[in-house]
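Structure file data_34.txt with compact mmCIF, C-alpha atoms:
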# COMPACT_ATOMS: atom_id res chain seq x y z
CA MET A 1 0.00 0.00 0.00
CA PRO A 2 1.38 3.47 -0.90
CA ARG A 3 1.68 5.37 2.39
CA ARG A 4 1.99 9.07 3.19
CA THR A 5 2.61 10.69 6.55
CA SER A 6 3.34 14.27 5.45
CA TYR A 7 1.89 16.74 2.96
CA VAL A 8 3.09 20.02 1.46
CA ASP A 9 0.91 23.02 2.34
CA GLY A 10 -2.07 23.32 0.00
CA THR A 11 -2.10 19.62 -0.91
CA PRO A 12 -5.42 17.78 -0.48
CA CYS A 13 -4.60 15.68 2.58
CA TRP A 14 -7.87 14.67 4.24
CA ILE A 15 -11.45 14.01 3.15
CA ASP A 16 -14.69 13.29 4.88
CA HIS A 17 -18.27 12.59 3.93
CA VAL A 18 -20.82 14.40 6.07
CA GLY A 19 -24.47 13.75 5.40
CA VAL A 20 -28.03 12.98 6.27
CA ASP A 21 -27.77 9.16 6.23
CA PRO A 22 -24.40 8.00 7.60
CA THR A 23 -25.57 4.39 7.90
CA GLY A 24 -26.68 4.29 4.29
CA ALA A 25 -23.49 6.03 3.16
CA LYS A 26 -21.36 3.49 5.00
CA ASP A 27 -23.21 0.64 3.29
CA PHE A 28 -22.92 2.31 -0.13
CA TYR A 29 -19.20 3.01 0.03
CA ALA A 30 -18.32 -0.26 1.76
CA ALA A 31 -19.94 -2.17 -1.10
CA LEU A 32 -18.07 -0.17 -3.76
CA PHE A 33 -14.65 0.35 -2.17
CA GLY A 34 -14.37 -2.30 0.55
CA TRP A 35 -14.20 0.32 3.28
CA GLU A 36 -14.56 -0.42 6.98
CA PHE A 37 -15.41 2.07 9.71
CA ARG A 38 -14.15 2.78 13.22
CA PRO A 39 -15.91 5.15 15.65
CA GLU A 40 -13.83 8.22 16.45
CA GLY A 41 -14.56 10.99 18.92
CA GLY A 42 -18.27 10.33 19.44
CA ARG A 43 -21.23 12.09 17.78
CA GLY A 44 -21.44 9.38 15.12
CA TYR A 45 -18.19 10.22 13.35
CA HIS A 46 -16.19 7.29 11.97
CA LEU A 47 -12.73 6.93 10.50
CA VAL A 48 -12.80 5.20 7.13
CA LEU A 49 -10.36 2.28 6.86
CA LEU A 50 -9.02 0.35 3.89
CA GLY A 51 -7.06 -2.75 4.83
CA GLY A 52 -6.85 -1.40 8.38
CA GLU A 53 -5.33 1.94 7.29
CA ILE A 54 -7.02 5.35 7.47
CA VAL A 55 -8.32 6.78 4.19
CA GLY A 56 -10.81 9.42 5.43
CA GLY A 57 -13.80 10.08 7.65
CA LEU A 58 -17.59 9.80 7.56
CA GLY A 59 -20.27 11.15 9.85
CA PRO A 60 -23.63 12.88 10.26
CA SER A 61 -24.30 16.45 9.22
CA PRO A 62 -24.11 18.74 12.27
CA ALA A 63 -26.71 20.97 10.63
CA GLY A 64 -29.24 18.18 10.04
CA PRO A 65 -31.12 17.47 6.81
CA ARG A 66 -31.01 21.08 5.59
CA PHE A 67 -27.26 20.74 5.01
CA GLY A 68 -27.60 17.74 2.72
CA SER A 69 -24.66 15.43 2.05
CA ALA A 70 -21.24 16.33 0.68
CA TRP A 71 -17.60 15.36 0.51
CA THR A 72 -15.24 17.89 2.08
CA VAL A 73 -11.64 18.15 0.90
CA TYR A 74 -9.11 19.45 3.44
CA LEU A 75 -5.87 21.15 2.41
CA ALA A 76 -2.69 20.74 4.41
CA ALA A 77 -1.78 23.76 6.55
CA LYS A 78 1.17 23.49 8.88
CA ASP A 79 0.11 26.84 10.43
CA LEU A 80 -3.65 26.50 10.53
CA ASP A 81 -4.37 29.84 12.18
CA ALA A 82 -2.27 31.81 9.70
CA ALA A 83 -3.90 30.01 6.75
CA GLY A 84 -7.35 30.81 8.15
CA ARG A 85 -6.46 34.49 8.48
CA ARG A 86 -5.22 34.59 4.89
CA ALA A 87 -8.41 32.90 3.72
CA GLU A 88 -10.54 35.59 5.36
CA LEU A 89 -8.28 38.35 4.06
CA HIS A 90 -8.78 37.12 0.51
CA GLY A 91 -12.55 36.87 0.70
CA ALA A 92 -13.42 33.48 2.20
CA HIS A 93 -16.04 32.95 4.86
CA VAL A 94 -14.52 30.91 7.70
CA VAL A 95 -17.34 28.84 9.20
CA VAL A 96 -15.32 26.89 11.80
CA ALA A 97 -11.92 28.11 12.97
CA GLY A 98 -9.18 26.03 14.57
CA VAL A 99 -11.17 23.31 16.35
CA PRO A 100 -9.50 20.14 17.70
CA ALA A 101 -10.10 16.89 15.83
CA GLY A 102 -9.68 14.51 18.74
CA GLY A 103 -5.98 13.97 19.27
CA ASN A 104 -5.28 13.83 15.54
CA GLY A 105 -4.90 17.55 14.82
CA ARG A 106 -6.89 20.72 14.26
CA LEU A 107 -9.15 21.83 11.43
CA SER A 108 -10.96 24.81 10.01
CA LEU A 109 -13.88 24.90 7.57
CA ALA A 110 -14.47 27.71 5.08
CA VAL A 111 -16.25 28.70 1.89
CA ASP A 112 -14.09 30.28 -0.80
CA PRO A 113 -15.12 33.47 -2.66
CA LEU A 114 -16.84 31.51 -5.45
CA GLY A 115 -18.80 29.27 -3.08
CA ALA A 116 -16.72 26.08 -2.81
CA ALA A 117 -16.58 24.65 0.71
CA PHE A 118 -13.15 23.44 1.82
CA GLY A 119 -11.25 22.50 4.94
CA LEU A 120 -7.80 23.26 6.30
CA TRP A 121 -6.03 20.55 8.27
CA GLN A 122 -3.05 20.67 10.62
CA GLY A 123 -2.14 17.13 11.64
CA ALA A 124 -0.72 16.34 15.04
CA HIS A 125 0.94 13.07 13.95
CA ASP A 126 0.32 11.78 10.44
CA GLU A 127 -0.65 14.84 8.42
CA GLY A 128 -3.63 13.34 6.60
CA VAL A 129 -4.87 10.15 5.03
CA VAL A 130 -2.20 7.46 5.29
CA VAL A 131 -2.98 5.26 2.26
CA VAL A 132 -3.24 6.88 -1.18
CA ASP A 133 -3.09 6.08 -4.89
CA GLU A 134 -4.61 2.62 -4.87
CA ALA A 135 -8.02 1.08 -5.41
CA GLY A 136 -10.45 2.43 -2.80
CA ALA A 137 -8.10 5.20 -1.64
CA LEU A 138 -7.75 8.90 -2.43
CA THR A 139 -5.88 9.59 -5.67
CA GLY A 140 -6.32 13.37 -5.69
CA ALA A 141 -8.92 16.12 -5.68
CA ALA A 142 -9.95 18.78 -8.16
CA LEU A 143 -11.59 22.14 -7.62
CA HIS A 144 -14.55 22.59 -9.94
CA THR A 145 -15.05 26.32 -10.47
CA PRO A 146 -16.59 28.71 -12.98
CA ARG A 147 -13.42 30.86 -12.89
CA PRO A 148 -10.30 28.67 -12.61
CA GLY A 149 -7.83 31.55 -12.75
CA GLU A 150 -9.50 33.48 -9.94
CA SER A 151 -9.87 30.36 -7.81
CA GLY A 152 -6.25 29.39 -8.41
CA ASP A 153 -5.08 32.82 -7.27
CA PHE A 154 -7.13 32.54 -4.06
CA TYR A 155 -5.66 29.19 -3.01
CA ARG A 156 -2.15 30.26 -3.94
CA GLU A 157 -2.48 33.23 -1.58
CA VAL A 158 -4.00 31.11 1.21
CA CYS A 159 -1.91 27.94 0.95
CA GLY A 160 1.01 28.77 -1.29
CA ALA A 161 -0.06 26.33 -4.02
CA ARG A 162 -2.48 26.37 -6.92
CA PRO A 163 -5.01 23.53 -6.91
CA GLU A 164 -5.90 21.27 -9.79
CA THR A 165 -8.93 22.98 -11.33
CA GLU A 166 -11.68 22.05 -13.76
CA GLU A 167 -14.02 24.62 -15.25
CA ALA A 168 -17.62 23.95 -14.17
CA ALA A 169 -20.79 25.88 -13.44
CA ASP A 170 -20.87 24.92 -9.77
CA ALA A 171 -17.95 25.61 -7.42
CA ARG A 172 -17.00 22.59 -5.31
CA TRP A 173 -14.09 20.36 -4.38
CA VAL A 174 -14.31 16.81 -5.74
CA PRO A 175 -12.21 13.96 -4.28
CA ARG A 176 -11.16 11.08 -6.55
CA PHE A 177 -10.78 7.43 -5.58
CA GLY A 178 -8.90 4.63 -7.30
CA VAL A 179 -10.76 1.89 -9.19
CA ALA A 180 -9.66 -0.83 -11.58
CA ASP A 181 -11.95 0.20 -14.42
CA THR A 182 -14.22 3.25 -14.63
CA GLY A 183 -16.90 1.61 -16.80
CA THR A 184 -17.26 -1.42 -14.56
CA PHE A 185 -17.32 0.75 -11.46
CA GLU A 186 -20.03 3.01 -12.90
CA VAL A 187 -22.27 0.00 -13.57
CA LEU A 188 -21.89 -1.14 -9.96
CA ALA A 189 -22.37 2.39 -8.63
CA ARG A 190 -25.58 2.89 -10.62
CA ALA A 191 -26.93 -0.37 -9.27
CA ALA A 192 -26.23 0.91 -5.75
CA GLY A 193 -28.14 4.15 -6.41
CA ALA A 194 -25.48 6.54 -7.72
CA ARG A 195 -25.84 8.87 -10.70
CA VAL A 196 -23.12 9.21 -13.32
CA LEU A 197 -22.68 12.92 -14.05
CA ALA A 198 -19.84 12.50 -16.56
CA PRO A 199 -17.25 9.80 -17.27
CA GLY A 200 -15.44 9.26 -13.98
CA LEU A 201 -17.68 11.72 -12.08
CA LEU A 202 -20.53 10.48 -9.90
CA SER A 203 -23.07 11.58 -7.34
CA ASP A 204 -23.91 9.19 -4.52
CA PRO A 205 -27.57 8.53 -3.59
CA TRP A 206 -27.55 11.57 -1.25
CA GLY A 207 -26.01 14.02 -3.71
CA ALA A 208 -22.35 14.00 -2.62
CA VAL A 209 -20.13 14.25 -5.70
CA PHE A 210 -16.92 12.25 -6.15
CA GLY A 211 -14.68 11.10 -8.96
CA VAL A 212 -12.75 7.95 -9.79
CA THR A 213 -9.34 7.26 -11.32
CA ASP A 214 -9.02 3.93 -13.12
CA GLY A 215 -6.16 1.51 -13.65
CA LEU A 216 -5.62 0.92 -9.93
CA GLY A 217 -5.97 -2.47 -8.22
CA THR A 218 -9.10 -4.55 -8.26
CA ALA A 219 -11.83 -2.37 -6.71
Show the structure stored in the file as structure tokens.
Amino acid sequence: MPRRTSYVDGTPCWIDHVGVDPTGAKDFYAALFGWEFRPEGGRGYHLVLLGGEIVGGLGPSPAGPRFGSAWTVYLAAKDLDAAGRRAELHGAHVVVAGVPAGGNGRLSLAVDPLGAAFGLWQGAHDEGVVVVDEAGALTGAALHTPRPGESGDFYREVCGARPETEEAADARWVPRFGVADTGTFEVLARAAGARVLAPGLLSDPWGAVFGVTDGLGTA
């Protein structure tokens, strides 16, 4: 398994799925990716495990059904407070600032100037997800945005790095997971209730959008 324990500032380093039906989401993603789940910190939040290694998180929406369901992508920030101040200075709305994430680190949640929600993560030990770039694990994340140049400038100022961007009508971060074959995966995902929005881009039964990268392993 490819392992990572450190991330350069601005790199997508953590993901979690927060939504209205955590039990259903666990069943959906377990069937597709072979994920297992371990309770962490109470309030229904679970670490997502692949082969016993951490690949993300999943839990209920703190705002209830009105929030809906979504994947959040967190960017590495070795100085979380400074990154949060820069985000506000450059037009973001910081929703949650510098809260502890159990003993694993600290996080902030924000909405960028074009409306994409994102997180900032400062790890206390491992700096994010440990297993990457294999079937069922994170292979990257792209920022969908109507104005890629403007969005790239914002994240460069906040984190020191430009994100991977894709031009799209709606602004949002989209995590990607490894699969063996995109076509085969999409057939299985549809059968489980997902919608295919574009080749390699899907929405789960609760509306959370994610992508897949093929040619990896057997998932």
Exercise for review: Quick one: residues within 9 Å of (-21.3, 5.0, -6.9) (file frame), counting only C-alpha atoms, please, as a count of residues only.
Suggested key: 20
Point to revise | Spatial neighbours of Glu167 (chain A), 8 Å, all atoms listed in the file, chain gap at least 2 places, as a list in words | key: His144, Thr145, Pro146, Arg147, Pro148, Thr165 and Ala169 of chain A
Practice item. Do a neighbour search on Asp21 (chain A) at 9 Å with all atoms listed in the file, toss out local chain neighbours closer than 6 positions, and write the hits as a VMD selection string. Key: chain A and resid 59 to 61 65 69 206
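The nearest approach to Ala198 (chain A) among the residues A:Ala135, A:Ile54, A:Ala168, A:Leu216, with all atoms listed in the file taken into account, belongs to A:Ala168.
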Point to revise | 9 Å contact set for region 94-105 of chain A, only C-alpha atoms, chain neighbours under 6 positions out, as a list of chain:residue names | key: A:Glu40, A:Gly41, A:Leu80, A:Asp81, A:Gly84, A:Arg85, A:Ala87, A:Glu88, A:Val111, A:Asp112, A:Leu120, A:Trp121, A:Gln122, A:Gly123, A:Ala124, A:His125, A:Asp126, A:Glu127
Written selection (C-alpha atoms) as a CSV table (one decimal), keeping the file's coordinate frame:
chain,number,residue,atom,x,y,z
A,40,GLU,CA,-13.8,8.2,16.4
A,41,GLY,CA,-14.6,11.0,18.9
A,80,LEU,CA,-3.6,26.5,10.5
A,81,ASP,CA,-4.4,29.8,12.2
A,84,GLY,CA,-7.4,30.8,8.2
A,85,ARG,CA,-6.5,34.5,8.5
A,87,ALA,CA,-8.4,32.9,3.7
A,88,GLU,CA,-10.5,35.6,5.4
A,111,VAL,CA,-16.2,28.7,1.9
A,112,ASP,CA,-14.1,30.3,-0.8
A,120,LEU,CA,-7.8,23.3,6.3
A,121,TRP,CA,-6.0,20.6,8.3
A,122,GLN,CA,-3.0,20.7,10.6
A,123,GLY,CA,-2.1,17.1,11.6
A,124,ALA,CA,-0.7,16.3,15.0
A,125,HIS,CA,0.9,13.1,14.0
A,126,ASP,CA,0.3,11.8,10.4
A,127,GLU,CA,-0.6,14.8,8.4
Mind completing region 143-154 of chain A with all heavy atoms? Output as a tab-separated table (two decimals), in the coordinates of the input, please?
chain	number	residue	atom	x	y	z
A	143	LEU	N	-10.66	21.06	-7.91
A	143	LEU	CA	-11.59	22.14	-7.62
A	143	LEU	C	-12.38	22.45	-8.89
A	143	LEU	O	-11.81	22.89	-9.89
A	143	LEU	CB	-10.82	23.38	-7.15
A	143	LEU	CG	-11.67	24.63	-6.95
A	143	LEU	CD1	-12.71	24.43	-5.85
A	143	LEU	CD2	-10.78	25.84	-6.64
A	144	HIS	N	-13.67	22.19	-8.86
A	144	HIS	CA	-14.55	22.59	-9.94
A	144	HIS	C	-14.97	24.04	-9.69
A	144	HIS	O	-15.45	24.36	-8.58
A	144	HIS	CB	-15.78	21.69	-10.00
A	144	HIS	CG	-15.47	20.30	-10.43
A	144	HIS	ND1	-16.43	19.41	-10.89
A	144	HIS	CD2	-14.29	19.62	-10.50
A	144	HIS	CE1	-15.87	18.27	-11.22
A	144	HIS	NE2	-14.57	18.37	-10.98
A	145	THR	N	-14.82	24.89	-10.67
A	145	THR	CA	-15.05	26.32	-10.47
A	145	THR	C	-15.40	27.00	-11.78
A	145	THR	O	-14.85	26.62	-12.84
A	145	THR	CB	-13.80	26.99	-9.85
A	145	THR	OG1	-13.96	28.42	-9.87
A	145	THR	CG2	-12.53	26.62	-10.61
A	146	PRO	N	-16.28	27.99	-11.75
A	146	PRO	CA	-16.59	28.71	-12.98
A	146	PRO	C	-15.46	29.62	-13.44
A	146	PRO	O	-15.42	30.02	-14.61
A	146	PRO	CB	-17.85	29.51	-12.63
A	146	PRO	CG	-17.81	29.65	-11.14
A	146	PRO	CD	-17.14	28.41	-10.63
A	147	ARG	N	-14.52	29.96	-12.53
A	147	ARG	CA	-13.42	30.86	-12.89
A	147	ARG	C	-12.11	30.28	-12.35
A	147	ARG	O	-11.64	30.67	-11.28
A	147	ARG	CB	-13.69	32.26	-12.34
A	147	ARG	CG	-14.97	32.88	-12.91
A	147	ARG	CD	-15.03	34.38	-12.73
A	147	ARG	NE	-15.24	34.79	-11.36
A	147	ARG	CZ	-16.44	34.87	-10.77
A	147	ARG	NH1	-17.53	34.53	-11.43
A	147	ARG	NH2	-16.55	35.27	-9.52
A	148	PRO	N	-11.50	29.35	-13.10
A	148	PRO	CA	-10.30	28.67	-12.61
A	148	PRO	C	-9.15	29.60	-12.25
A	148	PRO	O	-8.45	29.39	-11.26
A	148	PRO	CB	-9.93	27.74	-13.77
A	148	PRO	CG	-11.22	27.48	-14.48
A	148	PRO	CD	-11.97	28.77	-14.38
A	149	GLY	N	-8.93	30.65	-13.05
A	149	GLY	CA	-7.83	31.55	-12.75
A	149	GLY	C	-8.01	32.26	-11.43
A	149	GLY	O	-7.08	32.35	-10.61
A	150	GLU	N	-9.20	32.78	-11.19
A	150	GLU	CA	-9.50	33.48	-9.94
A	150	GLU	C	-9.40	32.54	-8.75
A	150	GLU	O	-8.83	32.89	-7.70
A	150	GLU	CB	-10.90	34.09	-10.03
A	150	GLU	CG	-11.32	34.89	-8.82
A	150	GLU	CD	-12.71	35.48	-8.98
A	150	GLU	OE1	-13.09	35.78	-10.14
A	150	GLU	OE2	-13.41	35.65	-7.96
A	151	SER	N	-9.94	31.34	-8.90
A	151	SER	CA	-9.87	30.36	-7.81
A	151	SER	C	-8.43	29.96	-7.54
A	151	SER	O	-8.01	29.84	-6.38
A	151	SER	CB	-10.70	29.12	-8.16
A	151	SER	OG	-12.07	29.42	-8.21
A	152	GLY	N	-7.64	29.75	-8.60
A	152	GLY	CA	-6.25	29.39	-8.41
A	152	GLY	C	-5.48	30.46	-7.66
A	152	GLY	O	-4.65	30.15	-6.78
A	153	ASP	N	-5.75	31.72	-7.97
A	153	ASP	CA	-5.08	32.82	-7.27
A	153	ASP	C	-5.43	32.81	-5.78
A	153	ASP	O	-4.56	33.04	-4.93
A	153	ASP	CB	-5.49	34.16	-7.88
A	153	ASP	CG	-4.91	34.39	-9.26
A	153	ASP	OD1	-3.95	33.67	-9.63
A	153	ASP	OD2	-5.41	35.29	-9.97
A	154	PHE	N	-6.70	32.56	-5.46
A	154	PHE	CA	-7.13	32.54	-4.06
A	154	PHE	C	-6.36	31.49	-3.27
A	154	PHE	O	-5.79	31.78	-2.21
A	154	PHE	CB	-8.63	32.27	-3.98
A	154	PHE	CG	-9.10	31.95	-2.58
A	154	PHE	CD1	-9.32	32.95	-1.66
A	154	PHE	CD2	-9.32	30.63	-2.19
A	154	PHE	CE1	-9.75	32.65	-0.36
A	154	PHE	CE2	-9.75	30.32	-0.91
A	154	PHE	CZ	-9.96	31.34	0.00
